[in-house]
$ cat protein_27.txt   # compact mmCIF, C-alpha atoms
# COMPACT_ATOMS: atom_id res chain seq x y z
CA MET A 1180 28.03 100.39 36.63
CA LYS A 1181 29.66 97.97 39.05
CA LEU A 1182 30.23 100.83 41.46
CA ALA A 1183 26.56 101.80 41.25
CA ILE A 1184 25.45 98.25 42.02
CA ARG A 1185 27.85 98.07 44.97
CA LEU A 1186 26.53 101.38 46.30
CA ILE A 1187 22.94 100.19 46.01
CA LEU A 1188 23.78 96.91 47.78
CA LEU A 1189 25.60 98.85 50.50
CA ALA A 1190 22.58 101.13 50.98
CA VAL A 1191 20.25 98.10 51.19
CA ALA A 1192 22.58 96.42 53.73
CA ILE A 1193 22.70 99.59 55.87
CA GLY A 1194 18.91 99.88 55.67
CA LEU A 1195 18.49 96.26 56.77
CA CYS A 1196 20.89 96.76 59.70
CA VAL A 1197 19.00 99.88 60.83
CA TRP A 1198 15.65 98.03 60.55
CA LEU A 1199 17.03 95.05 62.49
CA TRP A 1200 18.41 97.35 65.20
CA ILE A 1201 15.07 99.13 65.56
CA TYR A 1202 13.23 95.80 65.55
CA LEU A 1203 15.42 94.34 68.28
CA ASN A 1204 15.61 97.53 70.37
CA PRO A 1205 12.19 99.11 70.04
CA THR A 1206 11.38 102.45 71.58
CA PRO A 1207 8.74 102.31 74.37
CA GLN A 1208 6.16 103.63 71.87
CA GLU A 1209 6.98 100.86 69.39
CA ALA A 1210 7.00 98.19 72.11
CA ILE A 1211 3.57 99.36 73.32
CA ARG A 1212 2.24 99.49 69.76
CA ARG A 1213 3.32 95.87 69.21
CA GLN A 1214 1.83 94.85 72.55
CA LEU A 1215 -1.51 96.40 71.55
CA VAL A 1216 -1.54 94.59 68.21
CA ALA A 1217 -0.82 91.34 70.06
CA LEU A 1218 -3.58 92.16 72.56
CA GLY A 1219 -6.09 92.60 69.72
CA LYS A 1220 -4.99 89.31 68.14
CA SER A 1221 -5.20 87.53 71.46
CA ALA A 1222 -8.76 88.76 72.03
CA THR A 1223 -9.83 87.80 68.51
CA LEU A 1224 -11.79 84.59 68.13
CA GLU A 1225 -11.68 83.20 64.61
CA LYS A 1226 -13.78 80.11 65.14
CA ARG A 1227 -15.43 78.36 68.04
CA GLU A 1228 -12.81 76.68 70.21
CA GLY A 1229 -12.74 73.67 72.47
CA ASN A 1230 -12.66 74.28 76.22
CA ILE A 1231 -8.93 73.62 76.61
CA ALA A 1232 -7.94 75.87 73.70
CA ALA A 1233 -10.30 78.58 74.95
CA GLY A 1234 -8.80 78.30 78.45
CA LEU A 1235 -5.27 78.61 77.13
CA ARG A 1236 -6.12 81.61 74.95
CA ALA A 1237 -8.01 83.28 77.81
CA ASN A 1238 -5.00 82.78 80.06
CA GLU A 1239 -2.71 84.17 77.37
CA PHE A 1240 -4.99 87.22 77.10
CA SER A 1241 -4.86 87.85 80.84
CA GLU A 1242 -1.05 88.02 80.68
CA PHE A 1243 -1.37 91.41 79.00
CA PHE A 1244 -2.67 92.80 82.29
CA GLY A 1245 -1.12 93.47 85.68
CA ARG A 1246 -1.96 91.32 88.72
CA GLU A 1247 -4.72 93.75 89.64
CA VAL A 1248 -6.25 96.17 87.17
CA ALA A 1249 -8.08 99.34 88.21
CA LEU A 1250 -11.28 99.90 86.22
CA THR A 1251 -13.17 103.08 85.56
CA MET A 1252 -15.70 101.83 83.07
CA GLU A 1253 -19.21 102.84 82.13
CA PRO A 1254 -21.78 101.81 83.19
CA ARG A 1255 -20.31 101.97 86.68
CA ALA A 1256 -23.10 99.79 88.06
CA ILE A 1257 -21.89 96.82 86.00
CA PHE A 1258 -18.13 97.10 86.25
CA PRO A 1259 -16.22 96.79 89.54
CA ASP A 1260 -13.52 99.25 90.61
CA SER A 1261 -10.80 96.67 90.10
CA ILE A 1262 -10.32 93.21 88.70
CA GLU A 1263 -7.68 90.54 89.24
CA ARG A 1264 -5.81 88.88 86.41
CA SER A 1265 -7.40 85.51 87.14
CA GLU A 1266 -10.85 87.11 86.93
CA ILE A 1267 -9.94 88.61 83.53
CA ALA A 1268 -9.05 85.11 82.31
CA ARG A 1269 -12.40 83.82 83.58
CA VAL A 1270 -14.36 86.60 81.85
CA MET A 1271 -12.41 86.02 78.62
CA LEU A 1272 -13.05 82.29 78.80
CA SER A 1273 -16.75 82.93 79.16
CA ILE A 1274 -16.71 85.26 76.12
CA ARG A 1275 -14.74 82.75 74.04
CA THR A 1276 -17.15 79.96 74.81
CA THR A 1277 -20.21 82.13 74.15
CA TYR A 1278 -19.36 83.69 70.78
CA ARG A 1279 -18.60 81.91 67.52
CA SER A 1280 -16.30 84.58 66.17
CA LEU A 1281 -15.10 88.00 67.23
CA GLU A 1282 -12.55 90.27 65.67
CA VAL A 1283 -10.96 92.78 68.00
CA LYS A 1284 -8.99 95.66 66.56
CA ILE A 1285 -7.16 98.33 68.48
CA LEU A 1286 -7.20 101.44 66.35
CA ASP A 1287 -5.42 104.78 66.39
CA PRO A 1288 -3.46 104.45 69.65
CA VAL A 1289 -2.12 107.74 70.97
CA ILE A 1290 0.78 106.84 73.23
CA THR A 1291 2.23 109.17 75.85
CA VAL A 1292 5.24 107.69 77.60
CA GLY A 1293 6.11 108.97 81.07
CA ALA A 1294 9.41 110.71 81.83
CA ASP A 1295 10.70 107.55 83.52
CA GLU A 1296 9.97 105.56 80.30
CA LYS A 1297 8.48 102.85 82.54
CA SER A 1298 4.86 103.97 82.39
CA ALA A 1299 2.57 105.19 79.67
CA ILE A 1300 -0.94 106.40 78.98
CA VAL A 1301 -2.52 105.08 75.80
CA GLU A 1302 -5.70 106.47 74.32
CA LEU A 1303 -7.19 104.14 71.74
CA THR A 1304 -10.33 102.99 69.99
CA VAL A 1305 -11.47 99.40 70.32
CA ASN A 1306 -13.53 98.00 67.47
CA VAL A 1307 -15.16 94.63 67.92
CA ALA A 1308 -16.67 92.94 64.89
CA GLY A 1309 -18.83 89.85 65.18
CA ASP A 1310 -22.22 88.33 64.45
CA GLY A 1311 -22.11 89.89 60.99
CA ASP A 1312 -21.72 93.39 62.40
CA ARG A 1313 -18.50 95.20 61.47
CA HIS A 1314 -18.94 97.56 64.41
CA LEU A 1315 -20.56 95.47 67.11
CA LEU A 1316 -18.78 97.63 69.66
CA VAL A 1317 -16.80 100.80 69.10
CA GLN A 1318 -15.42 102.26 72.29
CA GLU A 1319 -12.79 104.83 73.02
CA MET A 1320 -10.61 103.77 75.96
CA LYS A 1321 -7.65 104.88 77.99
CA PHE A 1322 -5.09 102.37 79.26
CA THR A 1323 -2.43 103.07 81.83
CA MET A 1324 0.50 100.76 81.16
CA LYS A 1325 3.58 99.89 83.13
CA GLU A 1326 6.76 98.14 82.10
CA VAL A 1327 7.34 95.02 84.19
CA ASP A 1328 10.36 92.85 83.37
CA GLY A 1329 10.51 94.21 79.81
CA ASN A 1330 6.78 93.66 79.25
CA TRP A 1331 4.25 96.46 79.03
CA GLN A 1332 1.26 95.51 81.17
CA ILE A 1333 -2.11 97.22 81.43
CA ILE A 1334 -2.73 98.33 85.01
CA ARG A 1335 -5.70 100.66 84.53
CA VAL A 1336 -8.57 100.65 82.04
CA GLU A 1337 -10.94 103.58 81.56
CA THR A 1338 -13.73 104.19 79.10
CA VAL A 1339 -13.69 107.57 77.43
CA LYS A 1340 -16.84 109.37 76.34
CA THR A 1341 -16.43 110.45 72.74
CA LEU A 1342 -19.58 112.51 73.06
CA ASN A 1343 -20.78 114.03 76.32
CA ARG A 1344 -23.71 111.72 76.42
CA ALA A 1345 -27.21 112.62 77.35
CA PRO A 1346 -28.54 110.48 80.20
CA SER A 1347 -30.86 107.50 79.87
CA VAL A 1348 -34.41 108.32 78.95
CA THR A 1349 -36.14 110.30 81.63
CA PRO A 1350 -39.87 111.00 81.90
CA PRO A 1351 -41.09 113.82 79.69
CA GLU A 1352 -40.50 117.16 81.32
CA THR A 1353 -41.95 119.38 78.66
CA SER A 1354 -45.32 119.41 77.04
CA PRO A 1355 -45.55 118.17 73.44
CA ALA A 1356 -45.16 120.56 70.58
CA ALA A 1357 -48.23 122.50 69.75
CA MET B 1350 5.36 86.18 7.95
CA GLN B 1351 1.86 87.53 8.34
CA ASN B 1352 1.57 85.93 11.79
CA GLU B 1353 4.74 87.68 12.97
CA SER B 1354 3.43 91.01 11.80
CA VAL B 1355 0.12 90.50 13.63
CA GLN B 1356 1.99 89.47 16.79
CA GLN B 1357 4.21 92.59 16.58
CA GLU B 1358 1.15 94.77 16.10
CA ASN B 1359 -0.53 93.20 19.13
CA GLN B 1360 2.57 93.69 21.28
CA SER B 1361 2.84 97.31 20.21
CA TRP B 1362 -0.84 97.89 21.00
CA LEU B 1363 -0.48 96.25 24.41
CA ARG B 1364 2.60 98.32 25.17
CA THR B 1365 0.83 101.52 24.15
CA VAL B 1366 -2.12 100.69 26.39
CA THR B 1367 -0.04 99.71 29.44
CA ILE B 1368 2.84 102.15 29.44
CA GLY B 1369 1.90 104.65 26.74
CA ARG B 1370 3.83 105.86 23.71
CA ASN B 1371 6.30 107.68 25.90
CA PRO B 1372 7.22 105.56 28.96
CA LYS B 1373 9.11 108.44 30.61
CA ALA B 1374 6.07 110.70 30.46
CA THR B 1375 3.88 107.87 31.76
CA LEU B 1376 6.21 107.34 34.72
CA ILE B 1377 6.10 111.05 35.55
CA ARG B 1378 2.28 111.02 35.33
CA VAL B 1379 2.08 108.00 37.63
CA VAL B 1380 4.40 109.59 40.21
CA VAL B 1381 2.44 112.87 40.10
CA LEU B 1382 -0.86 110.97 40.45
CA ILE B 1383 0.42 109.02 43.48
CA VAL B 1384 1.70 112.21 45.17
CA VAL B 1385 -1.54 114.11 44.47
CA CYS B 1386 -3.71 111.21 45.71
CA THR B 1387 -1.60 110.78 48.85
CA ILE B 1388 -1.85 114.47 49.74
CA LEU B 1389 -5.53 114.67 48.78
CA PHE B 1390 -6.66 111.66 50.80
CA LYS B 1391 -4.37 112.25 53.77
CA TYR B 1392 -4.89 115.96 54.31
CA VAL B 1393 -7.94 117.12 52.35
CA LEU B 1394 -10.56 114.41 51.79
CA LEU B 1395 -11.55 111.42 53.90
CA PRO B 1396 -13.61 108.82 52.05
CA ILE B 1397 -16.13 107.07 54.30
CA ARG B 1398 -18.80 104.41 54.08
CA VAL B 1399 -21.95 105.08 56.07
CA GLU B 1400 -22.84 102.27 58.47
CA GLY B 1401 -25.75 102.15 60.84
CA PRO B 1402 -29.22 103.69 60.66
CA SER B 1403 -28.72 106.84 62.74
CA MET B 1404 -28.56 109.25 59.77
CA LEU B 1405 -31.57 107.81 57.92
CA PRO B 1406 -33.28 108.93 55.76
CA THR B 1407 -30.70 111.55 54.75
CA TYR B 1408 -27.82 109.08 54.40
CA LYS B 1409 -28.58 105.46 53.67
CA GLU B 1410 -26.57 102.56 55.04
CA ASN B 1411 -23.57 101.47 52.97
CA SER B 1412 -23.60 104.67 50.92
CA VAL B 1413 -20.21 106.21 50.23
CA ASN B 1414 -19.38 109.78 51.09
CA VAL B 1415 -16.47 112.15 51.50
CA ILE B 1416 -15.43 114.35 54.41
CA ASN B 1417 -13.84 117.70 53.64
CA ARG B 1418 -11.11 118.08 56.26
CA LEU B 1419 -10.48 121.70 55.33
CA ALA B 1420 -14.09 122.83 55.82
CA TYR B 1421 -13.47 124.13 59.34
CA ARG B 1422 -9.92 125.33 58.90
CA ASN B 1423 -10.94 128.98 58.87
CA SER B 1424 -14.47 128.76 60.19
CA ASP B 1425 -16.48 126.96 62.84
CA PRO B 1426 -19.19 124.35 62.30
CA LYS B 1427 -22.64 125.79 61.66
CA ARG B 1428 -26.03 124.56 62.79
CA GLY B 1429 -27.36 122.01 60.31
CA ASP B 1430 -23.92 120.91 59.07
CA VAL B 1431 -23.38 117.17 58.88
CA VAL B 1432 -19.96 116.57 60.35
CA ALA B 1433 -17.52 113.77 61.11
CA VAL B 1434 -16.59 113.35 64.76
CA ARG B 1435 -13.45 111.33 65.41
CA TYR B 1436 -12.66 108.85 68.15
CA THR B 1437 -8.90 108.74 68.96
CA GLY B 1438 -8.17 108.81 65.25
CA ASP B 1439 -10.05 108.79 61.98
CA SER B 1440 -10.17 105.04 61.29
CA ILE B 1441 -13.79 105.16 62.47
CA VAL B 1442 -15.79 108.39 62.70
CA LEU B 1443 -19.28 109.32 63.81
CA MET B 1444 -21.39 111.06 61.18
CA LYS B 1445 -23.83 113.45 62.88
CA ARG B 1446 -25.67 116.71 62.41
CA VAL B 1447 -24.79 119.80 64.44
CA VAL B 1448 -27.92 121.11 66.15
CA ALA B 1449 -26.62 123.21 69.05
CA LEU B 1450 -23.71 125.61 69.13
CA PRO B 1451 -21.44 126.56 72.06
CA GLY B 1452 -23.34 128.16 74.93
CA GLU B 1453 -26.76 126.96 73.77
CA THR B 1454 -29.12 124.76 75.74
CA ILE B 1455 -30.74 121.76 74.10
CA GLU B 1456 -33.80 119.67 74.80
CA PHE B 1457 -35.82 117.07 72.86
CA VAL B 1458 -39.59 117.22 72.69
CA HIS B 1459 -41.15 114.45 70.62
CA GLY B 1460 -37.84 114.08 68.84
CA ARG B 1461 -37.73 117.71 67.78
CA VAL B 1462 -34.93 119.85 69.05
CA LEU B 1463 -35.49 122.87 71.28
CA ILE B 1464 -32.62 125.32 71.39
CA ASN B 1465 -32.79 127.76 74.28
CA GLY B 1466 -36.49 126.89 74.57
CA ARG B 1467 -37.34 127.44 70.88
CA PHE B 1468 -38.10 124.76 68.34
CA LEU B 1469 -35.51 124.30 65.63
CA GLU B 1470 -36.69 124.02 62.04
CA GLU B 1471 -35.57 120.57 60.91
CA PRO B 1472 -36.82 119.78 57.41
CA TYR B 1473 -34.72 116.59 57.32
CA LEU B 1474 -36.86 114.93 60.05
CA THR B 1475 -39.47 112.73 58.46
CA ASN B 1476 -40.30 109.95 60.92
CA PRO B 1477 -42.38 110.38 64.07
CA CYS B 1478 -40.46 110.12 67.32
CA ASP B 1479 -41.08 109.97 71.06
CA TRP B 1480 -37.87 111.39 72.52
CA ASN B 1481 -38.81 113.69 75.38
CA VAL B 1482 -35.57 114.39 77.18
CA LYS B 1483 -33.66 117.23 78.68
CA PRO B 1484 -30.05 116.03 78.89
CA ASP B 1485 -28.18 116.48 82.19
CA HIS B 1486 -25.43 118.11 80.26
CA SER B 1487 -27.79 120.25 78.23
CA THR B 1488 -25.86 123.51 77.97
CA MET B 1489 -22.91 123.36 75.62
CA ARG B 1490 -19.51 124.53 76.81
CA ASP B 1491 -17.50 127.11 74.87
CA ASP B 1492 -15.83 124.51 72.70
CA GLU B 1493 -18.72 122.11 72.39
CA TYR B 1494 -21.33 121.37 69.69
CA TYR B 1495 -24.34 119.13 70.22
CA VAL B 1496 -24.50 116.51 67.48
CA VAL B 1497 -27.29 114.04 66.77
CA GLY B 1498 -28.43 111.83 63.91
CA ASP B 1499 -31.44 112.52 61.70
CA ASN B 1500 -33.16 109.23 62.55
CA ARG B 1501 -34.92 109.97 65.80
CA SER B 1502 -37.41 107.20 65.35
CA MET B 1503 -34.82 104.73 66.67
CA PRO B 1504 -34.63 104.08 70.43
CA TYR B 1505 -33.10 106.99 72.31
CA ASN B 1506 -30.56 104.88 74.19
CA LEU B 1507 -29.26 103.20 71.01
CA HIS B 1508 -28.57 106.51 69.31
CA ASP B 1509 -25.12 108.09 69.75
CA LYS B 1510 -25.53 111.79 70.43
CA GLY B 1511 -24.12 114.45 72.68
CA GLY B 1512 -21.67 117.29 73.00
CA ALA B 1513 -18.67 116.97 70.71
CA LYS B 1514 -15.60 119.02 71.45
CA ARG B 1515 -14.51 121.27 68.59
CA GLU B 1516 -11.17 119.44 68.30
CA ARG B 1517 -13.02 116.19 67.61
CA ILE B 1518 -14.93 117.56 64.62
CA ILE B 1519 -12.62 116.73 61.74
CA GLY B 1520 -14.63 117.94 58.80
CA LYS B 1521 -17.88 118.39 56.95
CA VAL B 1522 -19.68 115.79 54.89
CA MET B 1523 -19.51 116.90 51.26
CA LEU B 1524 -22.23 114.97 49.41

$ encode --input "protein_27.txt" --output "structure tokens"
Amino acid sequence: MKLAIRLILLAVAIGLCVWLWIYLNPTPQEAIRRQLVALGKSATLEKREGNIAAGLRANEFSEFFGREVALTMEPRAIFPDSIERSEIARVMLSIRTTYRSLEVKILDPVITVGADEKSAIVELTVNVAGDGDRHLLVQEMKFTMKEVDGNWQIIRVETVKTLNRAPSVTPPETSPAA
Amino acid sequence: MQNESVQQENQSWLRTVTIGRNPKATLIRVVVLIVVCTILFKYVLLPIRVEGPSMLPTYKENSVNVINRLAYRNSDPKRGDVVAVRYTGDSIVLMKRVVALPGETIEFVHGRVLINGRFLEEPYLTNPCDWNVKPDHSTMRDDEYYVVGDNRSMPYNLHDKGGAKRERIIGKVML
């Protein structure tokens, strides 16, 4: 009986050591996954904030991005081709002072790490809940990420079309049904 | 004396209800149930809750439904099937009806669908609609199905619709 208890304790100790090792030395996939969870939390707004708190949180959010981020986002007329980190902080600040609450979740990330293990492409779904709507925005996106000083930063953001969309409404081209 | 007997009876009843007369058999049943549920809900069925008005009146908001993930294992989606289209994963899916198959050309005239220039019979359409559009990308590729909701009385630009790649269609709505 004593032997059994010792064996169980030994197994638990080994399991804890393995978990601790993995936690402290994450694979690139795991590190990116954690970064994305943190990104979602950073973008989430639980209650209306004061200007200073909103500024700090917006700045914290911008740290997830590289100095300059390439954008390929729809609609192209609204989004520029690139955006600087400081501009991201400004946009985030404006969002945080406009909305009362927003919950941002990054769902189902599909992570492909490059051969150099310093870059990665992440396909993911962003779900934004707010104003009483659980799916205020659902958008599939593609991030290109790069490891800089041990941190995975987003250097490119693209929107992905889940459905090959039809265009905006155009004038009727066909006569009505008989 | 009588009190003790009543207490013992109560305990025995409670034990029978919670862990059964044969705890070993109960444990085996619980393990089997967990394994079956895990396999069933991970690989066979996907429970969903309908949100949004795009499938009205066929599927009402907040109704619960189930996706059969095995429906298209050995066959392809058919016209009229209500399917689940995934984003990058299946945490959130789009619930839409297949109206055009690979290679077909689609167009909307007063909300009704024209496939290769012919009107499609759509008994599920009940509300009047003013969609008159020929999509830019109107001819489906070899691996593409045109999906759209049943509620075409809502504004065209607010309605998610378009060509879904075959690999994105994860199953058929069961109920």

$ atom_distance --input "protein_27.txt" --atom1 "atom CA of Arg1422 of chain B" --atom2 "atom CA of Ile1285 of chain A"
28.8 Å

$ interface_residues --input "protein_27.txt" --of "chain B" --to "chain A" --cutoff "6 Å" --atoms "only C-alpha atoms" --output "MDAnalysis selection string"
chainID B and resid 1437:1438 1481 1484 1511:1513

$ atom_distance --input "protein_27.txt" --atom1 "atom CA of Met1404 of chain B" --atom2 "atom CA of Met1444 of chain B"
7.5 Å

$ closest_residue --input "protein_27.txt" --among "A:Ala1222, A:Ile1334, A:Leu1188, A:Ile1211" --to "Phe1244 of chain A" --atoms "only C-alpha atoms"
A:Ile1334

$ residues_near_point --input "protein_27.txt" --point "(-6.5, 83.1, 67.4)" --cutoff "12 Å" --atoms "all atoms listed in the file" --output "count of residues only"
24

$ atom_distance --input "protein_27.txt" --atom1 "atom CA of Trp1200 of chain A" --atom2 "atom CA of Thr1291 of chain A"
22.7 Å

$ closest_residue --input "protein_27.txt" --among "B:Thr1367, B:Gln1356, B:Ser1440, B:Ser1361" --to "Ile1397 of chain B" --atoms "only C-alpha atoms"
B:Ser1440

$ closest_residue --input "protein_27.txt" --among "B:Thr1475, B:Thr1365, B:Ser1424, B:Asn1414" --to "Leu1395 of chain B" --atoms "only C-alpha atoms"
B:Asn1414

$ closest_residue --input "protein_27.txt" --among "A:Leu1272, A:Ile1300, A:Leu1315, A:Ile1184" --to "Gly1229 of chain A" --atoms "all atoms listed in the file"
A:Leu1272

$ residues_around --input "protein_27.txt" --residues "Val1522 of chain B" --least-positions-apart "4" --cutoff "8 Å" --atoms "only C-alpha atoms" --output "JSON, numbers by chain"
{"B": [1414, 1415, 1416, 1417, 1430, 1431, 1432, 1433]}

$ closest_residue --input "protein_27.txt" --among "A:Gln1208, A:Thr1251, A:Ser1261, A:Thr1276" --to "Asn1230 of chain A" --atoms "all atoms listed in the file"
A:Thr1276

$ residues_around --input "protein_27.txt" --residues "Glu1453 of chain B" --least-positions-apart "5" --cutoff "12 Å" --atoms "all atoms listed in the file" --output "list in words"
Arg1428, Val1447, Val1448, Val1462, Leu1463, Ile1464, Asn1465, Gly1466, Arg1467, His1486, Ser1487, Thr1488, Met1489, Arg1490, Asp1491, Asp1492, Glu1493, Tyr1494, Tyr1495 and Gly1512 of chain B

$ residues_around --input "protein_27.txt" --residues "Arg1517 of chain B" --least-positions-apart "3" --cutoff "7 Å" --atoms "all atoms listed in the file" --output "PyMOL selection string"
chain B and resi 1434-1435+1513-1514

$ write_last_selection --input "protein_27.txt" --atoms "C-alpha atoms" --output "PDB file, in the frame of the given file"
ATOM      1  CA  VAL B1434     -16.590 113.350  64.760  1.00  0.00           C
ATOM      2  CA  ARG B1435     -13.450 111.330  65.410  1.00  0.00           C
ATOM      3  CA  ALA B1513     -18.670 116.970  70.710  1.00  0.00           C
ATOM      4  CA  LYS B1514     -15.600 119.020  71.450  1.00  0.00           C
TER       5      LYS B1514
END

$ closest_residue --input "protein_27.txt" --among "A:Val1197, A:Val1327, A:Ile1274, A:Val1336" --to "Glu1242 of chain A" --atoms "only C-alpha atoms"
A:Val1327
